[in-house]
file my_file32.txt (compact mmCIF, C-alpha atoms and all ligand atoms)
# COMPACT_ATOMS: atom_id res chain seq x y z
CA MET A 241 104.24 82.34 65.01
CA THR A 242 100.76 80.86 64.83
CA VAL A 243 97.89 81.97 67.03
CA ALA A 244 97.91 78.57 68.73
CA ASP A 245 101.50 79.24 69.72
CA LEU A 246 100.60 82.66 71.04
CA HIS A 247 97.99 81.22 73.39
CA THR A 248 100.72 79.28 75.19
CA LEU A 249 102.67 82.42 76.07
CA THR A 250 100.45 83.57 78.95
CA GLY A 251 102.77 82.05 81.58
CA ALA A 252 105.98 83.46 80.11
CA TYR A 253 104.31 86.84 79.72
CA ALA A 254 103.03 86.93 83.30
CA LEU A 255 106.55 86.15 84.51
CA HIS A 256 108.15 88.86 82.33
CA ALA A 257 110.06 86.07 80.62
CA LEU A 258 109.45 87.11 77.01
CA PRO A 259 112.14 88.91 75.05
CA GLU A 260 111.10 92.41 73.95
CA ASP A 261 109.96 91.58 70.40
CA GLU A 262 107.86 88.61 71.48
CA ARG A 263 106.36 90.63 74.30
CA GLU A 264 105.12 93.22 71.86
CA ALA A 265 103.64 90.59 69.57
CA PHE A 266 101.90 88.93 72.48
CA GLU A 267 100.49 92.21 73.81
CA HIS A 268 99.02 92.80 70.39
CA HIS A 269 97.39 89.36 70.58
CA LEU A 270 96.15 90.07 74.12
CA SER A 271 94.13 93.04 72.99
CA ASP A 272 91.85 90.77 70.99
CA CYS A 273 92.01 87.43 72.80
CA GLU A 274 89.78 87.50 75.83
CA ALA A 275 90.77 84.03 77.02
CA CYS A 276 94.44 84.98 77.13
CA ALA A 277 93.67 88.31 78.82
CA GLN A 278 91.80 86.57 81.62
CA GLU A 279 94.48 83.91 82.00
CA VAL A 280 97.22 86.54 82.13
CA LYS A 281 95.34 88.35 84.87
CA GLU A 282 95.15 85.20 86.95
CA LEU A 283 98.71 84.11 86.30
CA ALA A 284 100.03 87.59 87.09
CA ALA A 285 98.16 87.46 90.39
CA THR A 286 99.75 84.06 90.98
CA ALA A 287 103.19 85.49 90.26
CA GLY A 288 102.43 88.18 92.83
CA ARG A 289 101.98 85.46 95.43
CA LEU A 290 105.45 84.17 94.59
CA GLY A 291 106.67 87.69 95.23
CA LEU A 292 104.97 87.92 98.62
CA ALA A 293 106.63 84.67 99.62
CA VAL A 294 110.09 86.27 99.59
CA THR A 295 109.16 89.31 101.69
CA VAL A 296 112.01 90.65 103.78
CA THR A 297 112.19 93.16 106.62
CA PRO A 298 113.32 96.42 105.03
CA PRO A 299 115.92 98.63 106.71
CA PRO A 300 114.21 101.51 108.57
CA ALA A 301 116.41 104.14 106.89
CA MET A 302 114.89 103.26 103.53
CA LYS A 303 111.52 104.66 104.50
CA GLU A 304 112.97 108.04 105.36
CA ALA A 305 114.84 108.13 102.07
CA VAL A 306 111.73 107.29 100.06
CA LEU A 307 109.51 109.73 101.95
CA ARG A 308 112.08 112.49 101.45
CA THR A 309 112.17 111.80 97.73
CA VAL A 310 108.42 111.56 97.45
CA ALA A 311 107.99 114.97 99.06
CA GLN A 312 109.79 116.41 96.04
CA VAL A 313 108.42 114.24 93.27
CA ARG A 314 105.48 115.50 91.29
CA GLN A 315 102.70 113.00 90.73
CA GLU A 316 101.19 112.19 87.39
CA VAL A 317 97.86 113.91 87.14
CA PRO A 318 94.95 111.49 86.92
CA GLY A 319 93.84 111.29 83.31
CA HIS A 320 90.30 111.35 82.04
CA GLY A 321 89.97 107.73 83.09
CA HIS A 322 87.61 106.27 85.64
CA PRO A 323 87.57 107.77 89.09
CA VAL A 324 89.56 105.86 91.68
CA HIS A 325 87.22 103.82 93.81
CA HIS A 326 87.59 103.47 97.52
CA ALA A 327 88.20 100.00 98.80
CA SER A 328 85.62 98.50 101.04
CA VAL A 329 86.56 97.72 104.61
CA PRO A 330 87.96 94.22 104.75
CA GLY A 331 86.19 91.60 106.84
CA ARG A 332 87.55 90.51 110.17
CA ALA A 333 88.56 87.04 109.14
CA ARG A 334 90.10 87.06 105.73
CA ARG A 335 91.33 84.56 103.23
CA LEU A 336 95.09 84.52 103.49
CA SER A 337 95.53 85.45 99.87
CA ARG A 338 93.91 88.77 100.64
CA LEU A 339 95.76 89.35 103.88
CA VAL A 340 98.53 91.63 102.83
CA LEU A 341 96.32 93.63 100.54
CA ALA A 342 93.82 93.95 103.34
CA ALA A 343 96.54 95.26 105.62
CA CYS A 344 97.49 97.72 102.91
CA LEU A 345 93.97 98.93 102.37
CA ALA A 346 93.15 99.05 106.06
CA ALA A 347 96.25 101.04 106.75
CA ALA A 348 95.62 103.34 103.82
CA ALA A 349 92.07 103.89 104.96
CA GLY A 350 93.37 104.94 108.35
CA LEU A 351 91.90 101.95 110.15
CA GLY A 352 95.27 100.84 111.42
CA GLY A 353 97.02 97.81 110.02
CA VAL A 354 97.99 94.65 111.77
CA ALA A 355 101.56 94.79 110.57
CA VAL A 356 104.24 95.03 113.18
CA TRP A 357 107.70 95.26 111.76
CA GLN A 358 110.55 93.95 113.80
CA TYR A 359 113.90 95.49 113.14
CA ASP A 360 115.99 92.72 114.57
CA ARG A 361 119.57 92.51 113.53
CA ALA A 362 119.81 90.20 110.57
CA ASP A 363 121.97 87.56 112.21
CA GLN A 364 119.75 87.41 115.24
CA ALA A 365 116.72 87.08 113.02
CA ARG A 366 118.41 84.34 111.03
CA GLU A 367 119.28 82.43 114.18
CA GLU A 368 115.75 82.77 115.44
CA ALA A 369 114.46 81.59 112.11
CA ARG A 370 116.72 78.56 112.25
CA GLN A 371 115.45 77.67 115.70
CA ALA A 372 111.93 78.34 114.58
CA GLN A 373 112.54 76.04 111.65
CA ASP A 374 113.46 73.24 114.02
CA ARG A 375 110.20 73.62 115.86
CA ALA A 376 108.25 74.57 112.85
CA ASP A 377 107.00 71.40 111.22
CA ALA A 378 103.70 71.33 113.05
CA VAL A 379 103.41 75.09 112.81
CA ALA A 380 104.13 75.02 109.08
CA GLU A 381 101.44 72.46 108.59
CA VAL A 382 98.88 74.82 110.08
CA LEU A 383 100.23 77.91 108.30
CA GLY A 384 100.37 76.04 105.02
CA ALA A 385 96.95 74.44 105.31
CA PRO A 386 94.67 75.36 102.41
CA ASP A 387 91.94 76.38 104.85
CA ALA A 388 94.21 78.45 107.14
CA ARG A 389 92.51 81.61 108.29
CA THR A 390 93.69 84.35 110.59
CA THR A 391 92.45 86.92 112.97
CA SER A 392 94.55 89.63 114.60
CA ALA A 393 94.27 91.99 117.53
CA ARG A 394 96.36 94.66 119.12
CA ILE A 395 97.51 93.72 122.58
CA GLY A 396 98.09 96.75 124.79
CA ASP A 397 100.65 99.24 123.64
CA GLY A 398 102.39 98.41 120.40
CA ALA A 399 102.05 94.64 120.61
CA SER A 400 99.88 92.47 118.44
CA GLY A 401 98.70 88.91 118.31
CA THR A 402 97.55 86.84 115.38
CA VAL A 403 95.86 83.47 115.54
CA VAL A 404 96.04 81.18 112.55
CA VAL A 405 93.42 78.48 112.52
CA SER A 406 93.14 75.42 110.33
CA ARG A 407 89.86 73.65 110.94
CA SER A 408 90.89 70.72 108.76
CA ARG A 409 93.98 70.16 110.93
CA ASP A 410 91.99 71.10 114.06
CA LYS A 411 95.01 73.09 115.22
CA ALA A 412 95.79 76.75 115.87
CA VAL A 413 98.99 78.77 115.93
CA PHE A 414 99.47 81.94 117.92
CA VAL A 415 101.92 84.56 116.68
CA GLY A 416 102.76 87.35 119.07
CA ALA A 417 104.78 90.42 118.16
CA GLY A 418 106.19 92.95 120.57
CA LEU A 419 104.64 91.44 123.70
CA ALA A 420 106.04 93.01 126.86
CA ARG A 421 108.15 90.57 128.85
CA PRO A 422 106.08 89.23 131.73
CA ALA A 423 107.14 90.12 135.28
CA GLU A 424 109.67 87.88 137.06
CA GLY A 425 108.08 84.55 137.91
CA LYS A 426 105.16 85.13 135.51
CA VAL A 427 104.38 83.68 132.11
CA TYR A 428 101.89 84.25 129.30
CA GLN A 429 99.43 81.40 129.05
CA LEU A 430 97.22 80.67 126.05
CA TRP A 431 93.66 79.38 126.39
CA PHE A 432 90.99 78.02 124.13
CA ASP A 433 87.62 79.52 124.93
CA ASP A 434 85.02 76.74 124.86
CA HIS A 435 82.05 79.07 124.93
CA GLY A 436 83.04 80.63 128.23
CA ALA A 437 85.08 77.77 129.70
CA MET A 438 88.79 78.41 129.37
CA ARG A 439 90.89 75.40 128.40
CA PRO A 440 94.71 75.58 128.79
CA ALA A 441 96.49 75.78 125.40
CA GLY A 442 100.13 76.14 126.35
CA LEU A 443 102.62 78.76 127.50
CA ILE A 444 104.60 81.35 125.61
CA ASP A 445 108.28 80.88 126.35
CA SER A 446 109.22 83.97 128.38
CA ASP A 447 112.37 84.59 126.37
CA ARG A 448 110.45 84.80 123.14
CA THR A 449 108.08 87.69 123.13
CA ALA A 450 107.83 87.77 119.34
CA ASP A 451 107.29 84.26 118.28
CA THR A 452 105.13 81.55 116.95
CA VAL A 453 103.52 79.00 119.24
CA LEU A 454 101.57 75.96 118.23
CA MET A 455 98.62 76.06 120.60
CA ALA A 456 98.44 72.88 122.67
CA GLY A 457 95.48 70.60 122.10
CA ARG A 458 92.76 70.58 119.50
CA ILE A 459 90.56 73.50 118.59
CA GLY A 460 87.50 71.32 119.01
CA ASP A 461 84.47 73.45 119.69
CA ALA A 462 86.41 76.50 120.84
CA SER A 463 84.91 79.77 119.61
CA GLY A 464 87.76 81.94 120.78
CA MET A 465 91.11 82.15 122.49
CA GLY A 466 92.62 84.23 125.23
CA ILE A 467 95.93 85.14 126.81
CA THR A 468 96.51 85.69 130.52
CA VAL A 469 99.53 86.29 132.71
CA GLU A 470 99.99 83.37 135.08
CA PRO A 471 102.55 82.20 137.66
CA ALA A 472 105.52 80.40 136.07
CA GLY A 473 104.49 76.95 134.96
CA GLY A 474 100.97 78.05 134.13
CA SER A 475 97.59 77.46 135.76
CA LYS A 476 94.68 75.09 135.30
CA GLN A 477 92.26 78.01 135.24
CA PRO A 478 92.99 81.66 134.47
CA THR A 479 93.90 83.55 137.64
CA SER A 480 94.00 87.02 136.11
CA ASP A 481 92.08 89.14 133.64
CA PRO A 482 92.98 88.34 130.04
CA VAL A 483 95.42 90.65 128.25
CA ALA A 484 93.70 89.65 125.02
CA LEU A 485 90.62 87.78 123.88
CA MET A 486 90.02 86.92 120.25
CA GLU A 487 87.28 85.16 118.42
CA LEU A 488 88.56 82.38 116.21
CA PRO A 489 87.79 82.65 112.51
CA ALA A 490 85.06 80.24 111.44
CA MET B 107 95.63 104.19 96.89
CA GLY B 108 92.98 106.75 96.12
CA LEU B 109 94.35 109.05 98.80
CA VAL B 110 97.88 108.45 97.58
CA ALA B 111 96.85 109.43 94.07
CA ARG B 112 95.55 112.69 95.48
CA GLY B 113 98.89 113.48 97.06
CA ASP B 114 98.28 112.31 100.63
CA GLN B 115 101.77 111.62 101.95
CA GLU B 116 100.51 110.05 105.15
CA ALA B 117 98.46 107.54 103.17
CA PHE B 118 101.54 106.84 101.10
CA GLY B 119 103.45 106.10 104.31
CA ALA B 120 100.87 103.45 105.18
CA VAL B 121 101.03 101.92 101.70
CA TYR B 122 104.81 102.01 101.97
CA ASP B 123 104.66 99.98 105.18
CA ALA B 124 102.48 97.37 103.53
CA VAL B 125 104.42 96.92 100.29
CA CYS B 126 108.03 97.73 101.08
CA GLY B 127 108.99 94.33 102.51
CA PRO B 128 107.55 92.37 99.58
CA VAL B 129 109.03 94.80 97.05
CA LEU B 130 112.51 94.67 98.55
CA GLY B 131 112.37 90.89 98.94
CA LEU B 132 111.33 90.36 95.35
CA VAL B 133 113.88 92.77 93.91
CA ARG B 134 116.59 91.18 96.03
CA SER B 135 115.72 87.70 94.86
CA VAL B 136 116.24 88.81 91.25
CA LEU B 137 119.22 91.12 91.69
CA ARG B 138 120.99 89.44 94.64
CA ASP B 139 123.14 92.53 95.30
CA PRO B 140 121.75 94.18 98.49
CA ALA B 141 122.79 97.76 97.69
CA GLN B 142 121.50 97.64 94.13
CA SER B 143 118.30 96.00 95.36
CA GLU B 144 117.62 98.78 97.83
CA GLU B 145 118.21 101.33 95.11
CA VAL B 146 115.78 99.65 92.72
CA ALA B 147 113.20 99.07 95.49
CA GLN B 148 113.33 102.78 96.31
CA GLU B 149 112.82 103.66 92.67
CA VAL B 150 109.80 101.38 92.55
CA LEU B 151 108.28 102.92 95.67
CA VAL B 152 108.74 106.42 94.33
CA GLU B 153 107.14 105.22 91.10
CA VAL B 154 104.15 103.97 93.10
CA TRP B 155 103.72 107.49 94.46
CA ARG B 156 104.24 109.11 91.09
CA THR B 157 101.84 106.93 89.12
CA ALA B 158 99.26 106.03 91.81
CA ALA B 159 96.51 107.58 89.70
CA ALA B 160 97.07 104.91 87.07
CA TYR B 161 96.12 102.12 89.46
CA ARG B 162 92.77 100.51 88.67
CA GLU B 163 91.15 98.25 91.23
CA ASN B 164 89.37 96.22 88.57
CA ARG B 165 92.70 95.08 87.14
CA GLY B 166 93.84 93.45 90.37
CA SER B 167 95.00 94.21 93.87
CA ALA B 168 97.18 97.19 94.71
CA MET B 169 99.80 94.82 96.07
CA ASN B 170 99.90 92.98 92.79
CA TRP B 171 100.13 96.19 90.81
CA VAL B 172 103.14 97.22 92.87
CA LEU B 173 104.80 93.81 92.72
CA THR B 174 104.37 93.61 88.96
CA MET B 175 106.09 96.97 88.67
CA ALA B 176 108.87 95.85 91.01
CA HIS B 177 109.45 92.62 89.10
CA ARG B 178 109.52 94.42 85.76
CA ARG B 179 112.12 96.90 87.07
CA ALA B 180 114.27 94.23 88.63
CA VAL B 181 114.17 92.15 85.47
CA ASP B 182 115.07 95.13 83.29
CA ARG B 183 117.98 95.91 85.56
CA VAL B 184 119.30 92.37 85.69
CA ARG B 185 119.06 91.95 81.91
CA SER B 186 120.93 95.13 81.13
CA ALA B 187 123.60 94.19 83.65
CA GLN B 188 123.84 90.64 82.44
CA ALA B 189 124.76 91.66 78.95
CA ALA B 190 128.18 92.41 80.40
CA THR B 191 128.35 89.40 82.69
CA ASP B 192 130.18 86.21 82.00
CA ARG B 193 127.55 83.74 80.91
CA GLU B 194 129.19 80.97 82.85
CA GLN B 195 128.13 82.62 86.07
CA ARG B 196 124.63 81.82 85.04
CA ALA B 197 125.19 78.14 85.68
CA ALA B 198 125.58 79.06 89.33
CA LEU B 199 121.92 80.07 89.29
CA LEU B 200 120.96 76.45 89.16
CA ASP B 201 122.73 75.71 92.41
CA ARG B 202 120.83 78.30 94.35
CA THR B 203 117.42 77.64 95.72
CA PRO B 204 114.85 80.42 95.48
CA ALA B 205 115.24 83.03 98.17
CA PHE B 206 112.92 81.44 100.70
CA ASP B 207 115.81 81.68 103.11
CA GLU B 208 115.24 85.38 103.66
CA VAL B 209 113.72 86.20 106.99
CA ALA B 210 110.71 88.34 107.60
CA GLU B 211 109.17 88.68 111.02
CA GLN B 212 105.82 89.73 109.68
CA VAL B 213 103.34 86.96 110.17
CA GLU B 214 101.60 87.48 106.83
CA ALA B 215 104.91 86.96 105.07
CA ARG B 216 105.51 83.71 106.91
CA LEU B 217 102.08 82.47 105.95
CA GLU B 218 102.66 83.31 102.31
CA ARG B 219 106.00 81.59 102.36
CA GLU B 220 104.58 78.39 103.80
CA GLN B 221 101.73 78.28 101.31
CA VAL B 222 103.93 79.00 98.30
CA ARG B 223 106.45 76.44 99.49
CA ARG B 224 103.74 73.82 99.81
CA CYS B 225 102.37 74.57 96.35
CA MET B 226 105.82 74.70 94.74
CA ARG B 227 106.29 71.14 95.96
CA SER B 228 103.23 70.10 93.97
CA LEU B 229 104.91 71.04 90.66
CA THR B 230 107.02 68.75 88.53
CA GLU B 231 110.75 69.37 88.79
CA LEU B 232 110.84 71.00 85.35
CA GLN B 233 107.85 73.22 86.11
CA ARG B 234 109.35 74.30 89.41
CA GLN B 235 112.78 75.06 87.95
CA SER B 236 111.34 76.92 84.98
CA VAL B 237 109.03 79.09 87.07
CA SER B 238 111.73 79.76 89.68
CA LEU B 239 114.39 80.72 87.16
CA ALA B 240 112.04 82.99 85.26
CA TYR B 241 110.44 84.68 88.24
CA TYR B 242 113.04 84.66 90.99
CA ARG B 243 116.05 85.03 88.70
CA GLY B 244 114.57 87.13 85.95
CA LEU B 245 115.59 84.88 83.05
CA THR B 246 113.76 84.91 79.73
CA TYR B 247 112.21 81.63 78.65
CA ARG B 248 114.98 81.29 76.05
CA GLU B 249 117.60 81.55 78.76
CA VAL B 250 115.70 79.05 80.90
CA ALA B 251 115.62 76.62 77.96
CA GLU B 252 119.33 77.00 77.40
CA LEU B 253 120.15 76.57 81.08
CA LEU B 254 117.99 73.48 81.51
CA THR B 255 118.80 72.19 78.00
CA VAL B 256 115.18 71.63 77.04
CA PRO B 257 113.36 72.78 73.87
CA LEU B 258 111.92 76.32 73.79
CA GLY B 259 108.38 75.07 73.33
CA THR B 260 108.69 72.88 76.40
CA VAL B 261 109.73 75.78 78.60
CA LYS B 262 106.86 77.95 77.37
CA THR B 263 104.43 75.19 78.18
CA ARG B 264 105.98 74.43 81.57
CA LEU B 265 105.84 78.11 82.56
CA ARG B 266 102.17 78.16 81.71
CA ASP B 267 101.06 74.84 83.19
CA GLY B 268 103.32 75.35 86.22
CA LEU B 269 101.71 78.71 86.96
CA ILE B 270 98.25 77.29 86.38
CA ARG B 271 98.93 74.56 88.90
CA LEU B 272 100.21 77.15 91.38
CA ARG B 273 97.16 79.31 90.74
CA ASP B 274 94.86 76.41 91.58
CA CYS B 275 96.89 75.30 94.59
CA LEU B 276 97.02 78.83 96.03
CA GLY B 277 93.37 79.47 95.22
CA VAL B 278 94.13 82.63 93.24
CA THR B 279 91.15 84.29 91.64
CA ALA B 280 91.31 87.33 89.42
ZN ZN A 501 95.09 83.92 73.06

call {"tool": "encode", "arguments": {"input": "my_file32.txt", "output": "structure tokens", "more": "lines below"}}
Ligand SMILES: [Zn+2]
result
Amino acid sequence: MTVADLHTLTGAYALHALPEDEREAFEHHLSDCEACAQEVKELAATAGRLGLAVTVTPPPAMKEAVLRTVAQVRQEVPGHGHPVHHASVPGRARRLSRLVLAACLAAAAGLGGVAVWQYDRADQAREEARQAQDRADAVAEVLGAPDARTTSARIGDGASGTVVVSRSRDKAVFVGAGLARPAEGKVYQLWFDDHGAMRPAGLIDSDRTADTVLMAGRIGDASGMGITVEPAGGSKQPTSDPVALMELPA
Amino acid sequence: MGLVARGDQEAFGAVYDAVCGPVLGLVRSVLRDPAQSEEVAQEVLVEVWRTAAAYRENRGSAMNWVLTMAHRRAVDRVRSAQAATDREQRAALLDRTPAFDEVAEQVEARLEREQVRRCMRSLTELQRQSVSLAYYRGLTYREVAELLTVPLGTVKTRLRDGLIRLRDCLGVTA
């Protein structure tokens, strides 16, 4: 195989698609081809994104099993290599591509992650996903926008909210997880915060306390968003203190 | 990861929470069998604990380090198992779409899925099939070529230019 041929193997290598003998030959080439080494790094990171896209909700019992095993497994001693550096604290509004890593690092650093796992039964989750799919076109457009950015906050005890903003689409999506069901005759209402003036941005269906809502209206000049509990049907102005206020990512 | 490498089990628990869903999802997309997938995912997670000291930030994100390990394991497992499998079953691979049908409630996962979906649509049909079969099904490029009945060189090139297009579409930097 010529060197020119070897240069084309970066993709296959990053996808673990080379048979054993060719993998070894290519790794040999990698050690003295800087261009390929850099490309492999980027393509491997790209492959990782394909992996993140098929994330599932793991069964809770698995964690116990792994933690039990880990308690008995001896770690490899760090070699004479470089010391392990601490990650810096991630910024508040992050590029999506860094999101999951940021959650990982934040959690590992003891700052608390934004992840809230829902252990719904699979069929229920599937049904919800199907319904979500029906409503999801506009939502997907925001979530899939190249400039989509997010910000998250804890809401009270154990609940969290995430706002996804696409400035190019001028639309925002709110994703709540674990929100307590509002009292009878009450509803969660979303608001855009136009520098202190609250503008109605839709209601969260009371039966869906862990779902995705396309916020009504344009983002416009809004600098933040809020959630209040309002009488069924919603209000023109907030009539109660907000349960959450978040700044929108720039 | 630094804390994990120094034996901090609580820190490992937090890393577990962040990576377990992606690891299990990826392994399941390659192996299909739920029980076997859980087994392999558990092995990977224990491996993360065992070899945490080997992780180097300058070589990429921790998530990517873990996912690379998970993919490698899943691929090894599926290849050793496939040696004994009727090759005709492989044709069925073509009928199945990548495992975007799996459900995760975590918002980050939904965002990833939407972005990857959007970018996958920007590939040519041959690029998309080649990348999907290699990554999500764990096929070697030779197997991909055979399955799609295209020349070996073409598949190599499509894997590379397909990934490059995805890299640009997803804005991956490394
Ligand atoms: Zn090269």

call {"tool": "closest_atom_pairs", "arguments": {"input": "my_file32.txt", "of": "chain A", "to": "ligand ZN 501 (chain A)", "cutoff": "12 Å", "atoms": "only C-alpha atoms and all ligand atoms", "output": "CSV"}}
result
residue,atom,partner,partner_atom,distance
A:Thr242,CA,A:ZN501,ZN,10.5
A:Val243,CA,A:ZN501,ZN,6.9
A:Ala244,CA,A:ZN501,ZN,7.4
A:Asp245,CA,A:ZN501,ZN,8.6
A:Leu246,CA,A:ZN501,ZN,6.0
A:His247,CA,A:ZN501,ZN,4.0
A:Thr248,CA,A:ZN501,ZN,7.6
A:Leu249,CA,A:ZN501,ZN,8.3
A:Thr250,CA,A:ZN501,ZN,8.0
A:Gly251,CA,A:ZN501,ZN,11.6
A:Tyr253,CA,A:ZN501,ZN,11.7
A:Ala265,CA,A:ZN501,ZN,11.4
A:Phe266,CA,A:ZN501,ZN,8.5
A:Glu267,CA,A:ZN501,ZN,9.9
A:His268,CA,A:ZN501,ZN,10.1
A:His269,CA,A:ZN501,ZN,6.4
A:Leu270,CA,A:ZN501,ZN,6.3
A:Ser271,CA,A:ZN501,ZN,9.2
A:Asp272,CA,A:ZN501,ZN,7.9
A:Cys273,CA,A:ZN501,ZN,4.7
A:Glu274,CA,A:ZN501,ZN,7.0
A:Ala275,CA,A:ZN501,ZN,5.9
A:Cys276,CA,A:ZN501,ZN,4.3
A:Ala277,CA,A:ZN501,ZN,7.4
A:Gln278,CA,A:ZN501,ZN,9.5
A:Glu279,CA,A:ZN501,ZN,9.0
A:Val280,CA,A:ZN501,ZN,9.7

call {"tool": "residues_around", "arguments": {"input": "my_file32.txt", "residues": "Arg243 of chain B", "least_positions_apart": "2", "cutoff": "8 Å", "atoms": "all atoms listed in the file", "output": "ChimeraX atom specification"}}
result
/B:135-137,199,238-241,245

call {"tool": "closest_residue", "arguments": {"input": "my_file32.txt", "among": "A:Val413, A:Leu488, A:Ala254, A:Val296", "to": "chain B", "atoms": "only C-alpha atoms"}}
result
A:Val296

call {"tool": "atom_distance", "arguments": {"input": "my_file32.txt", "atom1": "atom CA of Arg185 of chain B", "atom2": "atom CA of Ala141 of chain B"}}
result
17.2 Å

call {"tool": "atom_distance", "arguments": {"input": "my_file32.txt", "atom1": "atom CA of Val146 of chain B", "atom2": "atom CA of Ala305 of chain A"}}
result
12.7 Å

call {"tool": "interface_residues", "arguments": {"input": "my_file32.txt", "of": "chain B", "to": "chain A", "cutoff": "6 Å", "atoms": "only C-alpha atoms", "output": "PyMOL selection string"}}
result
chain B and resi 108+117+120-121+124+127-128+131-132+156-157+159+169-170+206+209-210+215+217-221+240-241+246-247+265-266+273+280

call {"tool": "atom_distance", "arguments": {"input": "my_file32.txt", "atom1": "atom CA of Thr263 of chain B", "atom2": "atom CA of Leu232 of chain B"}}
result
10.5 Å

call {"tool": "residues_near_point", "arguments": {"input": "my_file32.txt", "point": "(111.9, 69.2, 85.4)", "cutoff": "10 Å", "atoms": "only C-alpha atoms", "output": "PyMOL selection string"}}
result
chain B and resi 229-236+254+256+261+264

call {"tool": "closest_residue", "arguments": {"input": "my_file32.txt", "among": "B:Thr260, B:Gln148, B:Asn164, B:Gln142", "to": "Ala187 of chain B", "atoms": "only C-alpha atoms"}}
result
B:Gln142

call {"tool": "residues_around", "arguments": {"input": "my_file32.txt", "residues": "Gly474 of chain A", "least_positions_apart": "4", "cutoff": "12 Å", "atoms": "only C-alpha atoms", "output": "CSV table (one decimal) with C-alpha atoms, in the coordinates of the input"}}
result
chain,number,residue,atom,x,y,z
A,425,GLY,CA,108.1,84.6,137.9
A,426,LYS,CA,105.2,85.1,135.5
A,427,VAL,CA,104.4,83.7,132.1
A,428,TYR,CA,101.9,84.2,129.3
A,429,GLN,CA,99.4,81.4,129.0
A,430,LEU,CA,97.2,80.7,126.0
A,431,TRP,CA,93.7,79.4,126.4
A,439,ARG,CA,90.9,75.4,128.4
A,440,PRO,CA,94.7,75.6,128.8
A,441,ALA,CA,96.5,75.8,125.4
A,442,GLY,CA,100.1,76.1,126.4
A,443,LEU,CA,102.6,78.8,127.5
A,444,ILE,CA,104.6,81.4,125.6
A,445,ASP,CA,108.3,80.9,126.4
A,446,SER,CA,109.2,84.0,128.4
A,467,ILE,CA,95.9,85.1,126.8
A,468,THR,CA,96.5,85.7,130.5
A,469,VAL,CA,99.5,86.3,132.7
A,470,GLU,CA,100.0,83.4,135.1
A,478,PRO,CA,93.0,81.7,134.5
A,479,THR,CA,93.9,83.6,137.6
A,480,SER,CA,94.0,87.0,136.1
